[in-house]
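Novice: One file: coords_0.cif (mmCIF, N, CA and C atoms).
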data_run
loop_
_atom_site.label_atom_id
_atom_site.label_comp_id
_atom_site.auth_asym_id
_atom_site.auth_seq_id
_atom_site.Cartn_x
_atom_site.Cartn_y
_atom_site.Cartn_z
N MET A 15 -16.75 -11.76 2.54
CA MET A 15 -15.30 -11.62 2.42
C MET A 15 -14.99 -10.25 1.84
N SER A 16 -14.13 -9.52 2.50
CA SER A 16 -13.79 -8.17 2.04
C SER A 16 -12.66 -8.21 1.02
N LYS A 17 -12.53 -7.11 0.28
CA LYS A 17 -11.44 -7.05 -0.69
C LYS A 17 -10.16 -6.61 0.01
N PRO A 18 -9.00 -6.95 -0.55
CA PRO A 18 -7.74 -6.54 0.06
C PRO A 18 -7.58 -5.03 0.00
N VAL A 19 -6.95 -4.49 1.05
CA VAL A 19 -6.67 -3.06 1.13
C VAL A 19 -5.16 -2.88 1.15
N LEU A 20 -4.68 -2.03 0.25
CA LEU A 20 -3.25 -1.70 0.20
C LEU A 20 -3.09 -0.30 0.77
N PHE A 21 -2.38 -0.20 1.89
CA PHE A 21 -2.08 1.10 2.49
C PHE A 21 -0.71 1.55 1.98
N ASP A 22 -0.67 2.76 1.45
CA ASP A 22 0.58 3.36 0.98
C ASP A 22 0.95 4.46 1.97
N PHE A 23 1.87 4.14 2.87
CA PHE A 23 2.36 5.13 3.83
C PHE A 23 3.47 5.92 3.16
N PHE A 24 3.26 7.24 3.02
CA PHE A 24 4.18 8.08 2.26
C PHE A 24 4.36 9.42 2.96
N ALA A 25 5.29 10.21 2.43
CA ALA A 25 5.46 11.60 2.87
C ALA A 25 5.66 12.45 1.62
N THR A 26 5.15 13.67 1.65
CA THR A 26 5.24 14.54 0.47
C THR A 26 6.68 14.89 0.12
N TRP A 27 7.58 14.89 1.10
CA TRP A 27 8.98 15.25 0.89
C TRP A 27 9.84 14.06 0.45
N CYS A 28 9.25 12.89 0.33
CA CYS A 28 9.98 11.64 0.07
C CYS A 28 10.09 11.36 -1.43
N GLY A 29 11.32 11.38 -1.96
CA GLY A 29 11.55 11.09 -3.37
C GLY A 29 11.07 9.71 -3.81
N PRO A 30 11.49 8.64 -3.11
CA PRO A 30 11.03 7.30 -3.49
C PRO A 30 9.51 7.16 -3.44
N CYS A 31 8.85 7.91 -2.57
CA CYS A 31 7.38 7.86 -2.50
C CYS A 31 6.77 8.35 -3.81
N ARG A 32 7.41 9.35 -4.43
CA ARG A 32 6.91 9.86 -5.71
C ARG A 32 7.09 8.82 -6.81
N LEU A 33 8.07 7.94 -6.67
CA LEU A 33 8.25 6.85 -7.64
C LEU A 33 7.19 5.78 -7.45
N GLN A 34 6.75 5.58 -6.20
CA GLN A 34 5.76 4.54 -5.89
C GLN A 34 4.38 4.89 -6.43
N THR A 35 4.03 6.17 -6.44
CA THR A 35 2.68 6.60 -6.83
C THR A 35 2.26 6.11 -8.21
N PRO A 36 3.05 6.31 -9.29
CA PRO A 36 2.59 5.82 -10.60
C PRO A 36 2.49 4.30 -10.67
N ILE A 37 3.27 3.60 -9.88
CA ILE A 37 3.19 2.13 -9.83
C ILE A 37 1.83 1.73 -9.26
N LEU A 38 1.41 2.40 -8.20
CA LEU A 38 0.11 2.10 -7.59
C LEU A 38 -1.04 2.51 -8.50
N GLU A 39 -0.88 3.61 -9.23
CA GLU A 39 -1.92 4.03 -10.17
C GLU A 39 -2.09 2.99 -11.28
N GLU A 40 -0.97 2.45 -11.76
CA GLU A 40 -1.00 1.39 -12.78
C GLU A 40 -1.70 0.15 -12.23
N LEU A 41 -1.36 -0.22 -11.01
CA LEU A 41 -1.95 -1.40 -10.37
C LEU A 41 -3.46 -1.21 -10.19
N GLU A 42 -3.86 -0.01 -9.81
CA GLU A 42 -5.28 0.27 -9.60
C GLU A 42 -6.06 0.18 -10.92
N LYS A 43 -5.46 0.65 -12.01
CA LYS A 43 -6.11 0.54 -13.32
C LYS A 43 -6.27 -0.92 -13.72
N LYS A 44 -5.24 -1.71 -13.45
CA LYS A 44 -5.23 -3.11 -13.84
C LYS A 44 -6.21 -3.95 -13.01
N MET A 45 -6.22 -3.72 -11.68
CA MET A 45 -7.02 -4.56 -10.79
C MET A 45 -8.39 -3.96 -10.47
N GLY A 46 -8.56 -2.67 -10.75
CA GLY A 46 -9.85 -2.02 -10.59
C GLY A 46 -10.45 -2.11 -9.21
N ALA A 47 -11.74 -2.38 -9.18
CA ALA A 47 -12.51 -2.38 -7.93
C ALA A 47 -12.27 -3.62 -7.07
N SER A 48 -11.43 -4.54 -7.55
CA SER A 48 -11.18 -5.76 -6.75
C SER A 48 -10.25 -5.50 -5.57
N ILE A 49 -9.58 -4.32 -5.59
CA ILE A 49 -8.71 -3.93 -4.46
C ILE A 49 -9.04 -2.50 -4.06
N GLU A 50 -8.58 -2.13 -2.88
CA GLU A 50 -8.73 -0.75 -2.42
C GLU A 50 -7.34 -0.24 -2.06
N ILE A 51 -7.01 0.95 -2.55
CA ILE A 51 -5.72 1.56 -2.23
C ILE A 51 -5.99 2.80 -1.40
N ARG A 52 -5.36 2.86 -0.24
CA ARG A 52 -5.50 4.02 0.65
C ARG A 52 -4.13 4.66 0.85
N LYS A 53 -4.02 5.92 0.48
CA LYS A 53 -2.77 6.65 0.67
C LYS A 53 -2.80 7.32 2.04
N VAL A 54 -1.72 7.14 2.81
CA VAL A 54 -1.66 7.69 4.16
C VAL A 54 -0.40 8.55 4.29
N ASP A 55 -0.58 9.87 4.40
CA ASP A 55 0.53 10.79 4.61
C ASP A 55 0.96 10.68 6.08
N VAL A 56 2.16 10.19 6.31
CA VAL A 56 2.61 9.93 7.69
C VAL A 56 2.73 11.21 8.51
N ASP A 57 2.97 12.34 7.85
CA ASP A 57 3.07 13.60 8.58
C ASP A 57 1.70 14.09 9.05
N GLN A 58 0.65 13.74 8.33
CA GLN A 58 -0.71 14.16 8.70
C GLN A 58 -1.42 13.11 9.55
N HIS A 59 -0.97 11.87 9.48
CA HIS A 59 -1.63 10.78 10.20
C HIS A 59 -0.62 9.99 11.03
N MET A 60 0.03 10.68 11.94
CA MET A 60 1.06 10.04 12.78
C MET A 60 0.48 8.92 13.63
N ASP A 61 -0.80 9.03 13.99
CA ASP A 61 -1.46 7.99 14.78
C ASP A 61 -1.48 6.66 14.02
N LEU A 62 -1.82 6.72 12.72
CA LEU A 62 -1.84 5.49 11.91
C LEU A 62 -0.43 4.97 11.68
N ALA A 63 0.50 5.88 11.43
CA ALA A 63 1.90 5.47 11.23
C ALA A 63 2.42 4.75 12.48
N GLU A 64 2.05 5.27 13.64
CA GLU A 64 2.47 4.64 14.89
C GLU A 64 1.78 3.29 15.08
N LYS A 65 0.48 3.23 14.80
CA LYS A 65 -0.30 1.99 14.94
C LYS A 65 0.33 0.86 14.11
N TYR A 66 0.76 1.19 12.88
CA TYR A 66 1.33 0.19 11.98
C TYR A 66 2.85 0.07 12.10
N GLY A 67 3.45 0.83 13.01
CA GLY A 67 4.89 0.73 13.23
C GLY A 67 5.73 1.18 12.04
N ILE A 68 5.28 2.24 11.36
CA ILE A 68 5.98 2.72 10.17
C ILE A 68 7.26 3.44 10.59
N ARG A 69 8.38 2.98 10.05
CA ARG A 69 9.68 3.58 10.34
C ARG A 69 10.33 4.14 9.08
N VAL A 70 9.88 3.67 7.92
CA VAL A 70 10.46 4.03 6.63
C VAL A 70 9.33 4.37 5.68
N VAL A 71 9.53 5.40 4.83
CA VAL A 71 8.57 5.67 3.76
C VAL A 71 9.30 5.56 2.43
N PRO A 72 8.69 5.00 1.41
CA PRO A 72 7.34 4.43 1.45
C PRO A 72 7.31 3.06 2.11
N THR A 73 6.22 2.78 2.79
CA THR A 73 5.93 1.44 3.29
C THR A 73 4.54 1.08 2.79
N LEU A 74 4.43 -0.12 2.22
CA LEU A 74 3.14 -0.62 1.75
C LEU A 74 2.71 -1.74 2.68
N ILE A 75 1.47 -1.70 3.09
CA ILE A 75 0.91 -2.76 3.94
C ILE A 75 -0.35 -3.26 3.26
N ILE A 76 -0.44 -4.57 3.09
CA ILE A 76 -1.63 -5.18 2.50
C ILE A 76 -2.39 -5.89 3.60
N GLU A 77 -3.66 -5.55 3.73
CA GLU A 77 -4.55 -6.16 4.72
C GLU A 77 -5.68 -6.88 4.01
N LYS A 78 -6.12 -7.96 4.60
CA LYS A 78 -7.29 -8.69 4.12
C LYS A 78 -8.08 -9.10 5.36
N ASP A 79 -9.37 -8.76 5.37
CA ASP A 79 -10.24 -9.05 6.51
C ASP A 79 -9.66 -8.53 7.83
N GLY A 80 -9.03 -7.32 7.78
CA GLY A 80 -8.50 -6.70 8.98
C GLY A 80 -7.18 -7.25 9.48
N LYS A 81 -6.59 -8.19 8.75
CA LYS A 81 -5.32 -8.78 9.17
C LYS A 81 -4.23 -8.41 8.16
N ILE A 82 -3.04 -8.10 8.68
CA ILE A 82 -1.92 -7.76 7.81
C ILE A 82 -1.42 -9.03 7.12
N VAL A 83 -1.40 -8.97 5.79
CA VAL A 83 -0.94 -10.09 4.98
C VAL A 83 0.54 -9.90 4.63
N GLN A 84 0.91 -8.66 4.31
CA GLN A 84 2.27 -8.38 3.85
C GLN A 84 2.61 -6.93 4.15
N SER A 85 3.88 -6.70 4.49
CA SER A 85 4.39 -5.36 4.71
C SER A 85 5.69 -5.22 3.94
N MET A 86 5.84 -4.13 3.17
CA MET A 86 7.03 -3.95 2.34
C MET A 86 7.55 -2.53 2.50
N GLU A 87 8.84 -2.40 2.77
CA GLU A 87 9.46 -1.08 2.87
C GLU A 87 10.19 -0.77 1.58
N GLY A 88 10.16 0.51 1.19
CA GLY A 88 10.82 0.93 -0.03
C GLY A 88 9.89 0.79 -1.22
N VAL A 89 10.38 1.22 -2.39
CA VAL A 89 9.56 1.16 -3.61
C VAL A 89 9.36 -0.30 -4.02
N THR A 90 8.11 -0.67 -4.27
CA THR A 90 7.77 -2.04 -4.65
C THR A 90 7.13 -2.02 -6.03
N ASP A 91 7.59 -2.90 -6.92
CA ASP A 91 7.09 -2.90 -8.30
C ASP A 91 5.70 -3.53 -8.40
N ALA A 92 5.01 -3.20 -9.49
CA ALA A 92 3.63 -3.64 -9.71
C ALA A 92 3.51 -5.16 -9.79
N ALA A 93 4.47 -5.82 -10.43
CA ALA A 93 4.40 -7.29 -10.58
C ALA A 93 4.42 -7.97 -9.21
N THR A 94 5.27 -7.50 -8.32
CA THR A 94 5.35 -8.06 -6.96
C THR A 94 4.03 -7.86 -6.23
N LEU A 95 3.49 -6.66 -6.33
CA LEU A 95 2.22 -6.36 -5.64
C LEU A 95 1.09 -7.20 -6.21
N GLU A 96 1.07 -7.34 -7.51
CA GLU A 96 0.02 -8.13 -8.16
C GLU A 96 0.10 -9.59 -7.73
N LYS A 97 1.31 -10.11 -7.62
CA LYS A 97 1.51 -11.51 -7.20
C LYS A 97 0.94 -11.76 -5.80
N ILE A 98 1.02 -10.76 -4.95
CA ILE A 98 0.48 -10.88 -3.59
C ILE A 98 -1.04 -10.68 -3.58
N LEU A 99 -1.51 -9.69 -4.35
CA LEU A 99 -2.93 -9.31 -4.30
C LEU A 99 -3.87 -10.26 -5.03
N VAL A 100 -3.46 -10.78 -6.18
CA VAL A 100 -4.37 -11.61 -6.99
C VAL A 100 -4.96 -12.78 -6.19
N PRO A 101 -4.16 -13.55 -5.44
CA PRO A 101 -4.76 -14.65 -4.67
C PRO A 101 -5.72 -14.18 -3.56
N LEU A 102 -5.61 -12.92 -3.15
CA LEU A 102 -6.47 -12.40 -2.08
C LEU A 102 -7.82 -11.91 -2.59
N VAL A 103 -7.92 -11.72 -3.89
CA VAL A 103 -9.16 -11.23 -4.48
C VAL A 103 -10.12 -12.41 -4.66
N GLY A 104 -11.35 -12.20 -4.27
CA GLY A 104 -12.30 -13.28 -4.48
C GLY A 104 -13.24 -13.34 -3.41
#
Any chance you could give the structure as structure tokens?

Specialist:
Amino acid sequence: MSKPVLFDFFATWCGPCRLQTPILEELEKKMGASIEIRKVDVDQHMDLAEKYGIRVVPTLIIEKDGKIVQSMEGVTDAATLEKILVPLVG
């Protein structure tokens, strides 16, 4: 069983994306190696943005075993993310 992967689709010019970054850093400190966070710059990786149907940044997508579990547009707080991720760890 693989660990959950959180994709953070962002853009360097996006103000709300800069707000999301410290939230994800806090989450990573709290959950450690039980999750994987991958930051994806939509301007540099348009292929991935297209594959996942990204229309808004920031968009967070949580995958487990290659399947999308949750997709969230806009800034998402750590408590919400933790509530989704904790049951997926194990």

Novice: Which value, in Å to one decimal, gives the distance between atom C of Gly67 of chain A and atom C of Glu39 of chain A?

Specialist: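 Rounded to one decimal, the two atoms are 24.7 Å apart.
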
Novice: For the provided coordinates, the residues matched by the PyMOL selection byres ((chain A and resi 73-75) around 8) should be stated as number ranges by chain.

Specialist: A: 19-25, 31, 68-72, 76-78, 82-90

Novice: If you apply the PyMOL selection byres (((chain A and resi 50 and name CA) around 9) and name CA) to this file, what residues do you get, as JSON, numbers by chain?

Specialist: {"A": [17, 18, 19, 20, 21, 42, 46, 47, 48, 49, 51, 52]}

Novice: Atom CA of Leu41 of chain A and atom C of Thr94 of chain A, how far apart in Å?

Specialist: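 About the pair atom C of Thr94 of chain A and atom CA of Leu41 of chain A: they are 9.7 Å apart.
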
Novice: Atom CA of Asp57 of chain A and atom CA of Pro36 of chain A, how far apart in Å?

Specialist: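 Calculated distance between atom CA of Pro36 of chain A and atom CA of Asp57 of chain A is 20.7 Å.
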
Novice: Using the chain letters and numbers from this document, which residues of chain A does DSSP assign to strand (DSSP E or B), as number ranges by chain?

Specialist: A: 19-24, 50-55, 73-78, 81-87

Novice: Which residue out of A:Tyr66, A:Lys43, A:Leu38, A:Ser16 has the minimum interatomic distance to Val103 of chain A when only N, CA and C atoms are used?

Specialist: A:Ser16

Novice: Which of segment 35-69 of chain A end up as alpha helix (DSSP H) when DSSP is run on this backbone - answer as a PyMOL selection string?

Specialist: chain A and resi 35-45+60-65
